[in-house]
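Pasting my_file29.txt here (compact mmCIF, C-alpha atoms):
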```
# COMPACT_ATOMS: atom_id res chain seq x y z
CA MET P 9 -31.04 -11.71 12.13
CA GLN P 10 -30.09 -13.43 15.37
CA GLN P 11 -33.51 -13.11 16.96
CA LEU P 12 -35.08 -15.05 14.10
CA LEU P 13 -32.49 -17.82 14.39
CA ASP P 14 -32.78 -18.05 18.17
CA ARG P 15 -36.58 -18.20 17.95
CA PHE P 16 -36.54 -20.98 15.42
CA LEU P 17 -33.97 -23.06 17.31
CA GLY P 18 -36.03 -22.70 20.48
CA TYR P 19 -39.26 -23.73 18.78
CA VAL P 20 -37.89 -26.87 17.09
CA LYS P 21 -36.51 -28.22 20.36
CA ILE P 22 -40.07 -28.43 21.74
CA ASP P 23 -41.72 -31.69 20.66
CA THR P 24 -45.14 -30.95 19.12
CA GLN P 25 -45.83 -34.10 17.11
CA SER P 26 -49.54 -34.59 16.42
CA ASP P 27 -51.43 -37.91 16.59
CA PRO P 28 -54.06 -38.96 14.01
CA ASN P 29 -55.45 -41.59 16.37
CA SER P 30 -56.34 -39.09 19.07
CA GLN P 31 -59.79 -37.50 19.22
CA THR P 32 -58.75 -34.47 21.30
CA THR P 33 -57.76 -31.00 20.09
CA PRO P 34 -54.87 -30.59 20.16
CA SER P 35 -54.32 -34.25 19.45
CA THR P 36 -51.33 -34.41 21.80
CA GLU P 37 -50.89 -32.75 25.18
CA LYS P 38 -47.30 -31.77 24.36
CA GLN P 39 -48.48 -29.28 21.73
CA TRP P 40 -49.58 -27.08 24.62
CA ASN P 41 -45.92 -26.63 25.61
CA LEU P 42 -45.18 -24.54 22.55
CA ALA P 43 -48.66 -23.04 22.28
CA THR P 44 -48.52 -21.42 25.70
CA GLU P 45 -44.99 -20.20 25.03
CA LEU P 46 -46.11 -18.59 21.76
CA ALA P 47 -49.03 -16.80 23.41
CA TYR P 48 -46.66 -15.38 26.01
CA GLU P 49 -44.16 -14.32 23.33
CA LEU P 50 -46.78 -12.49 21.29
CA GLU P 51 -47.69 -10.45 24.36
CA ARG P 52 -44.02 -9.82 25.11
CA ILE P 53 -43.29 -8.35 21.65
CA GLY P 54 -46.24 -5.95 21.95
CA MET P 55 -49.09 -7.67 20.13
CA LYS P 56 -52.63 -6.91 21.31
CA ASP P 57 -55.73 -9.03 21.93
CA VAL P 58 -53.64 -12.16 22.41
CA THR P 59 -55.89 -15.18 23.01
CA ILE P 60 -55.41 -18.92 23.29
CA ASP P 61 -58.59 -20.98 23.37
CA ASP P 62 -59.41 -24.38 24.86
CA ASN P 63 -58.16 -26.12 21.71
CA ALA P 64 -54.81 -24.27 21.64
CA TYR P 65 -55.66 -21.95 18.72
CA ILE P 66 -53.70 -18.73 19.21
CA MET P 67 -54.73 -15.36 17.78
CA ALA P 68 -53.31 -11.87 18.17
CA THR P 69 -53.58 -8.37 16.66
CA LEU P 70 -51.18 -5.74 15.47
CA PRO P 71 -53.37 -2.60 15.42
CA SER P 72 -53.43 -0.33 12.39
CA ASN P 73 -51.15 2.70 12.47
CA ILE P 74 -52.87 4.61 9.66
CA ASP P 75 -55.97 6.81 9.65
CA LYS P 76 -57.80 5.25 6.71
CA GLU P 77 -59.80 2.07 6.31
CA VAL P 78 -57.91 -0.77 4.63
CA PRO P 79 -58.56 -4.52 4.60
CA VAL P 80 -57.65 -6.57 7.64
CA ILE P 81 -55.11 -9.19 6.62
CA GLY P 82 -53.78 -12.24 8.46
CA PHE P 83 -50.79 -14.57 8.65
CA ILE P 84 -51.15 -18.16 9.80
CA SER P 85 -48.82 -21.06 10.62
CA HIS P 86 -49.12 -24.37 12.47
CA PHE P 87 -47.01 -25.51 15.41
CA ASP P 88 -47.50 -29.29 15.24
CA THR P 89 -45.07 -31.57 13.43
CA THR P 90 -45.88 -34.69 11.43
CA PRO P 91 -46.45 -38.08 13.07
CA ASP P 92 -44.56 -39.65 10.14
CA PHE P 93 -41.13 -39.18 11.75
CA SER P 94 -39.76 -38.55 15.22
CA GLY P 95 -39.88 -35.00 16.55
CA THR P 96 -38.48 -35.90 19.97
CA ASP P 97 -35.14 -34.46 21.12
CA VAL P 98 -34.54 -32.44 17.97
CA ASN P 99 -30.90 -31.42 17.90
CA PRO P 100 -30.46 -28.86 15.09
CA GLN P 101 -27.05 -28.39 13.49
CA ILE P 102 -25.89 -25.07 12.06
CA ILE P 103 -23.81 -25.24 8.90
CA LYS P 104 -22.25 -21.85 8.24
CA ASP P 105 -20.99 -20.83 4.79
CA TYR P 106 -22.17 -24.06 3.18
CA ASP P 107 -19.55 -25.25 0.67
CA GLY P 108 -21.81 -27.24 -1.66
CA LYS P 109 -20.50 -30.62 -0.52
CA ASP P 110 -21.98 -33.51 1.44
CA ILE P 111 -23.16 -32.68 4.95
CA ILE P 112 -22.56 -35.40 7.54
CA LEU P 113 -25.72 -35.40 9.64
CA ASN P 114 -24.78 -38.41 11.73
CA LYS P 115 -21.32 -39.94 11.41
CA GLU P 116 -22.09 -42.93 13.61
CA LYS P 117 -25.10 -43.95 11.50
CA ASN P 118 -23.59 -42.78 8.18
CA ILE P 119 -26.49 -40.42 7.45
CA VAL P 120 -25.48 -37.88 4.81
CA LEU P 121 -27.35 -34.93 3.31
CA SER P 122 -25.89 -34.85 -0.19
CA PRO P 123 -26.42 -32.50 -3.15
CA ASP P 124 -25.93 -35.55 -5.37
CA TYR P 125 -29.41 -36.62 -4.25
CA PHE P 126 -30.92 -33.33 -3.02
CA GLU P 127 -29.89 -30.97 -5.82
CA ASP P 128 -31.67 -27.97 -4.24
CA LEU P 129 -28.80 -27.77 -1.75
CA LEU P 130 -26.60 -26.24 -4.42
CA GLN P 131 -28.82 -23.13 -4.49
CA TYR P 132 -27.56 -22.32 -1.00
CA LYS P 133 -23.77 -22.38 -1.35
CA GLY P 134 -22.30 -19.75 0.93
CA GLN P 135 -25.41 -19.57 3.10
CA THR P 136 -26.14 -20.79 6.63
CA LEU P 137 -28.15 -24.01 6.78
CA ILE P 138 -29.96 -25.51 9.73
CA THR P 139 -30.18 -29.30 9.50
CA THR P 140 -31.13 -32.25 11.69
CA ASP P 141 -28.66 -34.59 13.39
CA GLY P 142 -30.02 -37.46 11.31
CA THR P 143 -32.21 -38.99 14.01
CA THR P 144 -35.29 -36.73 13.89
CA LEU P 145 -37.05 -34.31 11.60
CA LEU P 146 -36.23 -30.63 12.00
CA GLY P 147 -39.67 -29.03 12.32
CA ALA P 148 -39.20 -26.21 9.82
CA ASP P 149 -42.68 -27.35 8.73
CA ASP P 150 -43.99 -25.12 10.12
CA LYS P 151 -41.98 -23.66 12.96
CA ALA P 152 -40.02 -21.67 10.39
CA GLY P 153 -43.31 -20.00 9.43
CA ILE P 154 -44.10 -19.21 13.05
CA ALA P 155 -40.64 -17.75 13.68
CA GLU P 156 -40.98 -15.60 10.57
CA ILE P 157 -44.42 -14.25 11.51
CA VAL P 158 -43.41 -13.44 15.10
CA THR P 159 -40.20 -11.76 13.92
CA ALA P 160 -42.04 -9.71 11.29
CA MET P 161 -44.63 -8.55 13.81
CA GLU P 162 -41.93 -7.59 16.29
CA TYR P 163 -40.17 -5.58 13.58
CA LEU P 164 -43.37 -3.72 12.71
CA VAL P 165 -44.02 -2.96 16.38
CA GLN P 166 -40.53 -1.52 16.68
CA HIS P 167 -40.73 0.42 13.39
CA PRO P 168 -43.96 2.45 13.38
CA GLU P 169 -42.68 4.42 10.40
CA ILE P 170 -43.75 1.43 8.29
CA LYS P 171 -47.45 2.04 7.70
CA HIS P 172 -49.91 -0.83 7.78
CA GLY P 173 -53.51 -1.64 8.50
CA LYS P 174 -54.83 -4.02 11.14
CA ILE P 175 -52.99 -7.34 11.03
CA ARG P 176 -54.12 -10.59 12.59
CA VAL P 177 -51.92 -13.61 13.24
CA ALA P 178 -52.90 -17.15 14.20
CA PHE P 179 -51.06 -20.34 15.10
CA THR P 180 -52.86 -23.67 14.93
CA PRO P 181 -52.47 -27.26 16.14
CA ASP P 182 -52.89 -30.51 14.20
CA GLU P 183 -52.38 -29.27 10.64
CA GLU P 184 -50.23 -32.29 9.87
CA ILE P 185 -53.14 -34.65 10.50
CA GLY P 186 -55.56 -32.58 8.43
CA ARG P 187 -57.37 -30.88 11.32
CA GLY P 188 -55.58 -27.55 11.58
CA ALA P 189 -58.61 -25.55 10.46
CA HIS P 190 -61.34 -27.74 11.91
CA LYS P 191 -61.89 -25.54 14.97
CA PHE P 192 -60.51 -22.29 13.58
CA ASP P 193 -62.92 -19.45 14.37
CA VAL P 194 -62.92 -17.47 11.11
CA LYS P 195 -65.40 -14.92 12.46
CA LYS P 196 -63.29 -14.27 15.54
CA PHE P 197 -60.16 -13.96 13.42
CA GLY P 198 -61.90 -11.21 11.49
CA ALA P 199 -59.57 -10.89 8.51
CA ASP P 200 -60.62 -10.17 4.94
CA TRP P 201 -57.99 -12.61 3.75
CA ALA P 202 -54.85 -14.28 5.06
CA TYR P 203 -51.65 -16.04 4.03
CA THR P 204 -50.30 -19.28 5.40
CA MET P 205 -46.51 -19.23 5.76
CA ASP P 206 -46.14 -22.93 5.06
CA GLY P 207 -44.43 -23.34 1.71
CA SER P 208 -40.94 -24.53 0.82
CA GLN P 209 -38.26 -22.75 -1.21
CA VAL P 210 -37.88 -19.01 -1.63
CA GLY P 211 -40.42 -17.53 -4.04
CA GLU P 212 -43.14 -20.14 -3.69
CA LEU P 213 -46.60 -18.60 -3.92
CA GLU P 214 -49.43 -21.08 -4.14
CA TYR P 215 -53.17 -20.75 -4.50
CA GLU P 216 -53.95 -24.21 -5.88
CA ASN P 217 -53.81 -27.45 -3.92
CA PHE P 218 -54.96 -31.02 -4.19
CA ASN P 219 -58.50 -32.15 -3.70
CA ALA P 220 -57.94 -34.74 -1.00
CA ALA P 221 -59.61 -37.79 0.50
CA GLY P 222 -58.59 -40.68 2.70
CA ALA P 223 -59.71 -44.27 2.19
CA LYS P 224 -59.65 -47.33 4.40
CA VAL P 225 -60.06 -50.81 2.89
CA SER P 226 -60.89 -53.66 5.29
CA VAL P 227 -60.83 -57.27 4.10
CA SER P 228 -62.38 -60.09 6.13
CA GLY P 229 -61.02 -63.59 5.52
CA LYS P 230 -61.40 -67.14 6.74
CA SER P 231 -58.47 -69.15 8.05
CA VAL P 232 -58.40 -72.87 7.30
CA HIS P 233 -55.53 -75.38 7.57
CA PRO P 234 -53.60 -74.83 4.31
CA GLY P 235 -53.47 -78.54 3.63
CA TYR P 236 -57.26 -78.71 3.41
CA ALA P 237 -58.03 -75.13 2.30
CA LYS P 238 -59.25 -75.70 -1.25
CA GLY P 239 -62.61 -74.03 -1.68
CA LYS P 240 -62.68 -73.00 1.97
CA MET P 241 -59.91 -70.51 2.80
CA ILE P 242 -60.46 -66.79 2.16
CA ASN P 243 -57.03 -65.17 2.43
CA ALA P 244 -57.53 -61.52 3.32
CA ILE P 245 -53.88 -60.74 2.58
CA SER P 246 -54.16 -62.08 -0.97
CA ILE P 247 -57.39 -60.18 -1.64
CA ALA P 248 -55.85 -56.95 -0.33
CA ASN P 249 -52.90 -57.48 -2.67
CA GLU P 250 -55.32 -58.11 -5.53
CA PHE P 251 -57.08 -54.82 -4.77
CA ILE P 252 -53.81 -52.92 -4.71
CA GLY P 253 -52.70 -54.59 -7.94
CA ILE P 254 -55.69 -53.17 -9.81
CA LEU P 255 -54.73 -49.59 -8.98
CA PRO P 256 -52.83 -47.86 -11.82
CA PRO P 257 -49.15 -48.48 -10.95
CA GLU P 258 -47.94 -45.24 -12.52
CA GLU P 259 -50.26 -43.09 -10.41
CA THR P 260 -48.25 -43.03 -7.21
CA PRO P 261 -46.43 -40.13 -5.49
CA GLN P 262 -43.03 -41.30 -6.74
CA ASN P 263 -44.25 -41.33 -10.35
CA THR P 264 -46.19 -38.06 -10.55
CA THR P 265 -45.52 -34.34 -10.46
CA GLY P 266 -47.17 -30.96 -11.07
CA ARG P 267 -50.94 -31.31 -11.29
CA GLU P 268 -50.85 -35.10 -11.69
CA GLY P 269 -52.90 -36.93 -9.09
CA PHE P 270 -52.21 -40.22 -7.34
CA PHE P 271 -53.20 -43.00 -4.99
CA HIS P 272 -50.83 -43.45 -2.04
CA ILE P 273 -51.01 -46.49 0.23
CA HIS P 274 -49.31 -45.42 3.43
CA GLN P 275 -50.26 -48.13 5.90
CA ILE P 276 -51.04 -51.83 5.70
CA LYS P 277 -51.38 -54.56 8.30
CA GLY P 278 -53.01 -57.93 8.32
CA GLU P 279 -53.24 -61.68 8.48
CA ILE P 280 -55.42 -64.29 6.82
CA GLU P 281 -58.53 -63.49 8.90
CA HIS P 282 -58.32 -59.71 8.56
CA THR P 283 -56.22 -57.29 6.52
CA GLU P 284 -56.65 -53.56 6.16
CA PHE P 285 -54.81 -50.78 4.45
CA GLU P 286 -55.16 -47.03 4.27
CA MET P 287 -54.49 -44.69 1.38
CA ILE P 288 -54.79 -41.07 0.43
CA ILE P 289 -56.35 -39.92 -2.85
CA ARG P 290 -55.14 -36.70 -4.45
CA ASP P 291 -55.94 -34.74 -7.62
CA HIS P 292 -56.00 -31.05 -8.52
CA ASP P 293 -58.87 -31.57 -10.96
CA ARG P 294 -62.19 -32.02 -9.16
CA GLU P 295 -63.69 -34.27 -11.85
CA ARG P 296 -60.67 -36.60 -11.89
CA PHE P 297 -60.71 -36.59 -8.09
CA GLU P 298 -64.27 -37.91 -8.12
CA GLU P 299 -63.28 -40.50 -10.73
CA ARG P 300 -60.53 -41.77 -8.44
CA LYS P 301 -62.97 -42.34 -5.62
CA GLU P 302 -65.35 -44.07 -8.01
CA LEU P 303 -62.56 -46.41 -9.14
CA LEU P 304 -62.12 -47.61 -5.55
CA ARG P 305 -65.85 -48.30 -5.31
CA LYS P 306 -65.79 -50.29 -8.57
CA ILE P 307 -62.79 -52.36 -7.45
CA THR P 308 -64.61 -53.13 -4.21
CA GLU P 309 -67.73 -54.23 -6.10
CA LYS P 310 -65.71 -56.36 -8.52
CA LEU P 311 -63.77 -58.24 -5.85
CA ASN P 312 -66.80 -58.72 -3.65
CA ALA P 313 -68.54 -60.28 -6.63
CA VAL P 314 -65.63 -62.70 -7.05
CA HIS P 315 -64.80 -63.52 -3.43
CA GLY P 316 -68.08 -62.82 -1.64
CA PRO P 317 -68.87 -59.75 0.48
CA CYS P 318 -65.49 -59.60 2.20
CA ILE P 319 -64.35 -56.02 1.48
CA ALA P 320 -65.54 -52.86 3.25
CA LEU P 321 -64.53 -49.49 1.81
CA GLU P 322 -64.66 -46.21 3.69
CA ILE P 323 -63.84 -42.91 1.94
CA LYS P 324 -63.72 -39.52 3.64
CA ASP P 325 -63.12 -36.20 1.90
CA GLN P 326 -60.41 -34.15 3.62
CA TYR P 327 -60.11 -30.85 1.74
CA PHE P 328 -60.64 -29.31 -1.68
CA ASN P 329 -58.71 -27.14 -4.14
CA MET P 330 -58.76 -23.58 -2.84
CA ARG P 331 -58.28 -22.15 -6.35
CA GLU P 332 -62.04 -21.74 -6.81
CA LYS P 333 -62.20 -19.56 -3.68
CA VAL P 334 -59.05 -17.52 -4.34
CA GLU P 335 -59.51 -16.69 -8.02
CA PRO P 336 -62.53 -14.37 -7.39
CA VAL P 337 -60.27 -12.26 -5.13
CA PHE P 338 -57.07 -12.72 -7.11
CA HIS P 339 -55.69 -9.35 -6.02
CA ILE P 340 -54.58 -11.06 -2.79
CA VAL P 341 -52.19 -13.21 -4.85
CA GLU P 342 -51.05 -10.18 -6.83
CA ILE P 343 -50.18 -8.29 -3.64
CA ALA P 344 -47.99 -11.16 -2.43
CA LYS P 345 -46.38 -11.41 -5.87
CA ALA P 346 -45.66 -7.68 -5.90
CA ALA P 347 -44.20 -7.88 -2.39
CA MET P 348 -41.74 -10.54 -3.50
CA GLU P 349 -40.76 -8.66 -6.64
CA GLU P 350 -40.15 -5.41 -4.74
CA ILE P 351 -37.54 -7.11 -2.56
CA GLY P 352 -35.88 -8.93 -5.45
CA ILE P 353 -37.51 -12.36 -5.20
CA ILE P 354 -38.73 -14.10 -8.35
CA PRO P 355 -42.19 -15.53 -7.53
CA ILE P 356 -42.67 -19.23 -8.21
CA ILE P 357 -46.41 -19.64 -8.70
CA LYS P 358 -47.27 -23.31 -8.79
CA PRO P 359 -49.82 -25.77 -7.40
CA ILE P 360 -49.25 -27.31 -3.97
CA ARG P 361 -48.80 -31.06 -4.08
CA GLY P 362 -50.45 -31.29 -0.70
CA GLY P 363 -52.65 -29.11 1.44
CA THR P 364 -52.37 -26.42 4.08
CA ASP P 365 -54.69 -24.92 6.63
CA GLY P 366 -55.38 -22.35 3.93
CA SER P 367 -57.16 -24.84 1.70
CA GLN P 368 -59.78 -25.51 4.35
CA LEU P 369 -59.91 -21.91 5.54
CA SER P 370 -60.62 -20.72 2.00
CA PHE P 371 -63.76 -22.85 1.96
CA MET P 372 -64.67 -21.51 5.42
CA GLY P 373 -64.77 -17.93 4.08
CA LEU P 374 -61.15 -16.87 4.58
CA PRO P 375 -59.29 -16.86 1.23
CA CYS P 376 -55.79 -17.97 2.09
CA PRO P 377 -52.92 -18.46 -0.40
CA ASN P 378 -49.68 -20.07 0.74
CA ILE P 379 -46.24 -18.42 0.86
CA PHE P 380 -42.79 -19.96 1.23
CA ALA P 381 -41.28 -20.47 4.68
CA GLY P 382 -37.93 -21.64 3.29
CA GLY P 383 -37.55 -25.27 4.34
CA HIS P 384 -36.82 -28.37 2.27
CA ASN P 385 -37.28 -32.15 2.61
CA PHE P 386 -40.08 -31.90 5.17
CA HIS P 387 -41.20 -34.86 7.30
CA GLY P 388 -37.87 -36.62 7.62
CA LYS P 389 -34.26 -36.66 8.75
CA TYR P 390 -33.01 -34.80 5.66
CA GLU P 391 -35.06 -31.68 6.42
CA TYR P 392 -33.17 -28.39 6.36
CA VAL P 393 -33.79 -24.66 6.10
CA PRO P 394 -31.44 -21.84 5.01
CA VAL P 395 -31.42 -18.93 7.45
CA GLU P 396 -31.29 -16.50 4.53
CA SER P 397 -34.55 -17.93 3.20
CA MET P 398 -36.24 -17.30 6.52
CA ILE P 399 -34.97 -13.73 6.52
CA LYS P 400 -36.49 -13.22 3.07
CA ALA P 401 -39.83 -14.62 4.29
CA VAL P 402 -39.83 -12.05 7.10
CA ALA P 403 -39.22 -9.32 4.54
CA VAL P 404 -42.12 -10.56 2.39
CA ILE P 405 -44.52 -10.47 5.34
CA ILE P 406 -43.52 -6.91 6.16
CA LYS P 407 -43.81 -5.81 2.54
CA ILE P 408 -47.28 -7.37 2.15
CA CYS P 409 -48.46 -5.44 5.21
CA GLU P 410 -47.10 -2.25 3.69
CA LEU P 411 -48.44 -2.83 0.17
CA THR P 412 -51.95 -3.64 1.35
CA THR P 413 -52.35 0.00 2.36
CA LYS P 414 -51.35 1.14 -1.16
CA LYS P 415 -52.82 -1.44 -3.53
CA ILE P 416 -56.41 -1.23 -2.28
```

Kindly transcribe the structure held in the file into structure tokens.
Amino acid sequence: MQQLLDRFLGYVKIDTQSDPNSQTTPSTEKQWNLATELAYELERIGMKDVTIDDNAYIMATLPSNIDKEVPVIGFISHFDTTPDFSGTDVNPQIIKDYDGKDIILNKEKNIVLSPDYFEDLLQYKGQTLITTDGTTLLGADDKAGIAEIVTAMEYLVQHPEIKHGKIRVAFTPDEEIGRGAHKFDVKKFGADWAYTMDGSQVGELEYENFNAAGAKVSVSGKSVHPGYAKGKMINAISIANEFIGILPPEETPQNTTGREGFFHIHQIKGEIEHTEFEMIIRDHDRERFEERKELLRKITEKLNAVHGPCIALEIKDQYFNMREKVEPVFHIVEIAKAAMEEIGIIPIIKPIRGGTDGSQLSFMGLPCPNIFAGGHNFHGKYEYVPVESMIKAVAVIIKICELTTKKI
């Protein structure tokens, strides 16, 4: 499907990296470059009621082509890419008929995408892979999802023999910094439920995600000449290390899987007078999630009692497990599952070790499971997506639209 490939390659070449330190929406001006292009493209393929608001949220409608009332469904993806790795000057490489061997991403820098390390590659022998050139991420998260939604809508416009109800689509900014749903107008969107196209490998169907919070620990110290520091110096670096050392060492991202939660310190900077670090807190179980936050409070109290009131802790909830909002309307998961099975895909129903716009949207009144978009190794130079996986995602979208008129 050349149109799908061309769309995706065009999207990833537009830098849309978001910025957690910005207070604007979108958080970076460059996100508008793709947003305005997407709004134009939706109009060009024949979508109706295309809007783009002051915060770059895009919405559009594919009108119903049947004469009975059925639920309004939606499909959602985000166009920003993570601030964790460069998204500037993305230069995608196309690997046709992948042979199952190492892929040289960048010969000069000796950057290799190898199945010895990334075993999932072996699932795609004989397929066409799109990779990075080893210097940037790819942006399949979530420009693959956008390309799939646009391509599916175009196909439905061009094939009115496929019957469907009213379909809404939306593309959002700033999902990668946890704000993708913050200014999403659920009432304006007007769907009974929706699906985010933001998962990974073929078959993924997710309606559980982490409960999530972010924490910032600030340590104030006192610098004194080290030769005369006894009883006087307060070394903020040492106290920060002491704090980190109390955290359970096995509960980190690299040591956990499935529904296991973790603490993840992702940024630290400091000197004797002031040190601060930031972490994310994740757990699928709400009770254990609250216990994790309480542990940070207890560590703060303990160290302040030892060293004096030198530590300030700030914790902010980010999103919650959408399972409690999706389970009461579980037929929306069953429809997606049936759609996959009808086109020969084995559904992989598992919890998300992360979050999507759908987790927040579910708590805003729009139940929103997550479906695969096909990519792997997001947020880094080893990211890739098989073209065949994207084609299957398009087929799933179309089939869901069709089945919704029959299953309800």

For this session: Might you pull out every residue within 9 Å of region 186-203 of chain P, with all atoms listed in the file counted and same-chain residues fewer than 6 positions away left off, and present them as a PyMOL selection string?
Result: chain P and resi 28+33+63+65+67-68+79-86+174-178+180+326-327+340+344+363-370+372-379

Could you take the residues named above and write them with C-alpha atoms, as a PDB file, in the coordinates of the input?
```pdb
ATOM      1  CA  PRO P  28     -54.060 -38.960  14.010  1.00  0.00           C
ATOM      2  CA  THR P  33     -57.760 -31.000  20.090  1.00  0.00           C
ATOM      3  CA  ASN P  63     -58.160 -26.120  21.710  1.00  0.00           C
ATOM      4  CA  TYR P  65     -55.660 -21.950  18.720  1.00  0.00           C
ATOM      5  CA  MET P  67     -54.730 -15.360  17.780  1.00  0.00           C
ATOM      6  CA  ALA P  68     -53.310 -11.870  18.170  1.00  0.00           C
ATOM      7  CA  PRO P  79     -58.560  -4.520   4.600  1.00  0.00           C
ATOM      8  CA  VAL P  80     -57.650  -6.570   7.640  1.00  0.00           C
ATOM      9  CA  ILE P  81     -55.110  -9.190   6.620  1.00  0.00           C
ATOM     10  CA  GLY P  82     -53.780 -12.240   8.460  1.00  0.00           C
ATOM     11  CA  PHE P  83     -50.790 -14.570   8.650  1.00  0.00           C
ATOM     12  CA  ILE P  84     -51.150 -18.160   9.800  1.00  0.00           C
ATOM     13  CA  SER P  85     -48.820 -21.060  10.620  1.00  0.00           C
ATOM     14  CA  HIS P  86     -49.120 -24.370  12.470  1.00  0.00           C
ATOM     15  CA  LYS P 174     -54.830  -4.020  11.140  1.00  0.00           C
ATOM     16  CA  ILE P 175     -52.990  -7.340  11.030  1.00  0.00           C
ATOM     17  CA  ARG P 176     -54.120 -10.590  12.590  1.00  0.00           C
ATOM     18  CA  VAL P 177     -51.920 -13.610  13.240  1.00  0.00           C
ATOM     19  CA  ALA P 178     -52.900 -17.150  14.200  1.00  0.00           C
ATOM     20  CA  THR P 180     -52.860 -23.670  14.930  1.00  0.00           C
ATOM     21  CA  GLN P 326     -60.410 -34.150   3.620  1.00  0.00           C
ATOM     22  CA  TYR P 327     -60.110 -30.850   1.740  1.00  0.00           C
ATOM     23  CA  ILE P 340     -54.580 -11.060  -2.790  1.00  0.00           C
ATOM     24  CA  ALA P 344     -47.990 -11.160  -2.430  1.00  0.00           C
ATOM     25  CA  GLY P 363     -52.650 -29.110   1.440  1.00  0.00           C
ATOM     26  CA  THR P 364     -52.370 -26.420   4.080  1.00  0.00           C
ATOM     27  CA  ASP P 365     -54.690 -24.920   6.630  1.00  0.00           C
ATOM     28  CA  GLY P 366     -55.380 -22.350   3.930  1.00  0.00           C
ATOM     29  CA  SER P 367     -57.160 -24.840   1.700  1.00  0.00           C
ATOM     30  CA  GLN P 368     -59.780 -25.510   4.350  1.00  0.00           C
ATOM     31  CA  LEU P 369     -59.910 -21.910   5.540  1.00  0.00           C
ATOM     32  CA  SER P 370     -60.620 -20.720   2.000  1.00  0.00           C
ATOM     33  CA  MET P 372     -64.670 -21.510   5.420  1.00  0.00           C
ATOM     34  CA  GLY P 373     -64.770 -17.930   4.080  1.00  0.00           C
ATOM     35  CA  LEU P 374     -61.150 -16.870   4.580  1.00  0.00           C
ATOM     36  CA  PRO P 375     -59.290 -16.860   1.230  1.00  0.00           C
ATOM     37  CA  CYS P 376     -55.790 -17.970   2.090  1.00  0.00           C
ATOM     38  CA  PRO P 377     -52.920 -18.460  -0.400  1.00  0.00           C
ATOM     39  CA  ASN P 378     -49.680 -20.070   0.740  1.00  0.00           C
ATOM     40  CA  ILE P 379     -46.240 -18.420   0.860  1.00  0.00           C
TER      41      ILE P 379
END
```

Problem set entry | Of the listed residues P:Cys318, P:Ala221, P:Val404, P:Ala64, that which approaches Gly362 (chain P) most closely, counting only C-alpha atoms |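 Nearest candidate to Gly362 (chain P) out of P:Cys318, P:Ala221, P:Val404, P:Ala64: P:Ala221.
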
For this session: Just the residues within 10 Å of Glu258 (chain P), please, counting only C-alpha atoms, with nothing from its chain fewer than 4 positions along; format it as a list in words.
Result: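 Contacts, with the query itself left out: Gln262, Asn263, Thr264, Phe270 and Phe271 of chain P.
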
Exercise. To one decimal place, how far is CA of Thr159 (chain P) from CA of Lys400 (chain P) in Å?
Worked result: 11.6 Å

Exercise. What separation in Å, quoted to one decimal, exists between CA of Leu137 (chain P) and CA of Asp105 (chain P)?
Worked result: 8.1 Å

For this session: Just the residues within 9 Å of Val165 (chain P), please, counting all atoms listed in the file, with nothing from its chain fewer than 3 positions along; format it as a ChimeraX atom specification.
Result: /P:53-55,70,160-162,168

For this session: Just give me the gap between CA of Arg296 (chain P) and CA of His274 (chain P) in Å, one decimal is fine.
Result: 21.0 Å

Exercise. Counting only C-alpha atoms, what is within 9 Å of region 300-312 of chain P, bar same-chain residues fewer than 6 positions away, as a PyMOL selection string?
Worked result: chain P and resi 221+223+225+247+250-251+254-255+270-271+289-291+318-321+323

Exercise. Of the residues P:Ala244, P:Gly222, P:Gly239, P:Val232, which is the one nearest to Ile185 (chain P), using only C-alpha atoms?
Worked result: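 That would be P:Gly222, the residue with the smallest distance to Ile185 (chain P).
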
For this session: Rank nothing, just name the residue among P:Pro71, P:Pro181, P:Pro257, P:Gly95 nearest to Gly142 (chain P), using only C-alpha atoms.
Result: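 Smallest separation from Gly142 (chain P) among the options: P:Gly95.
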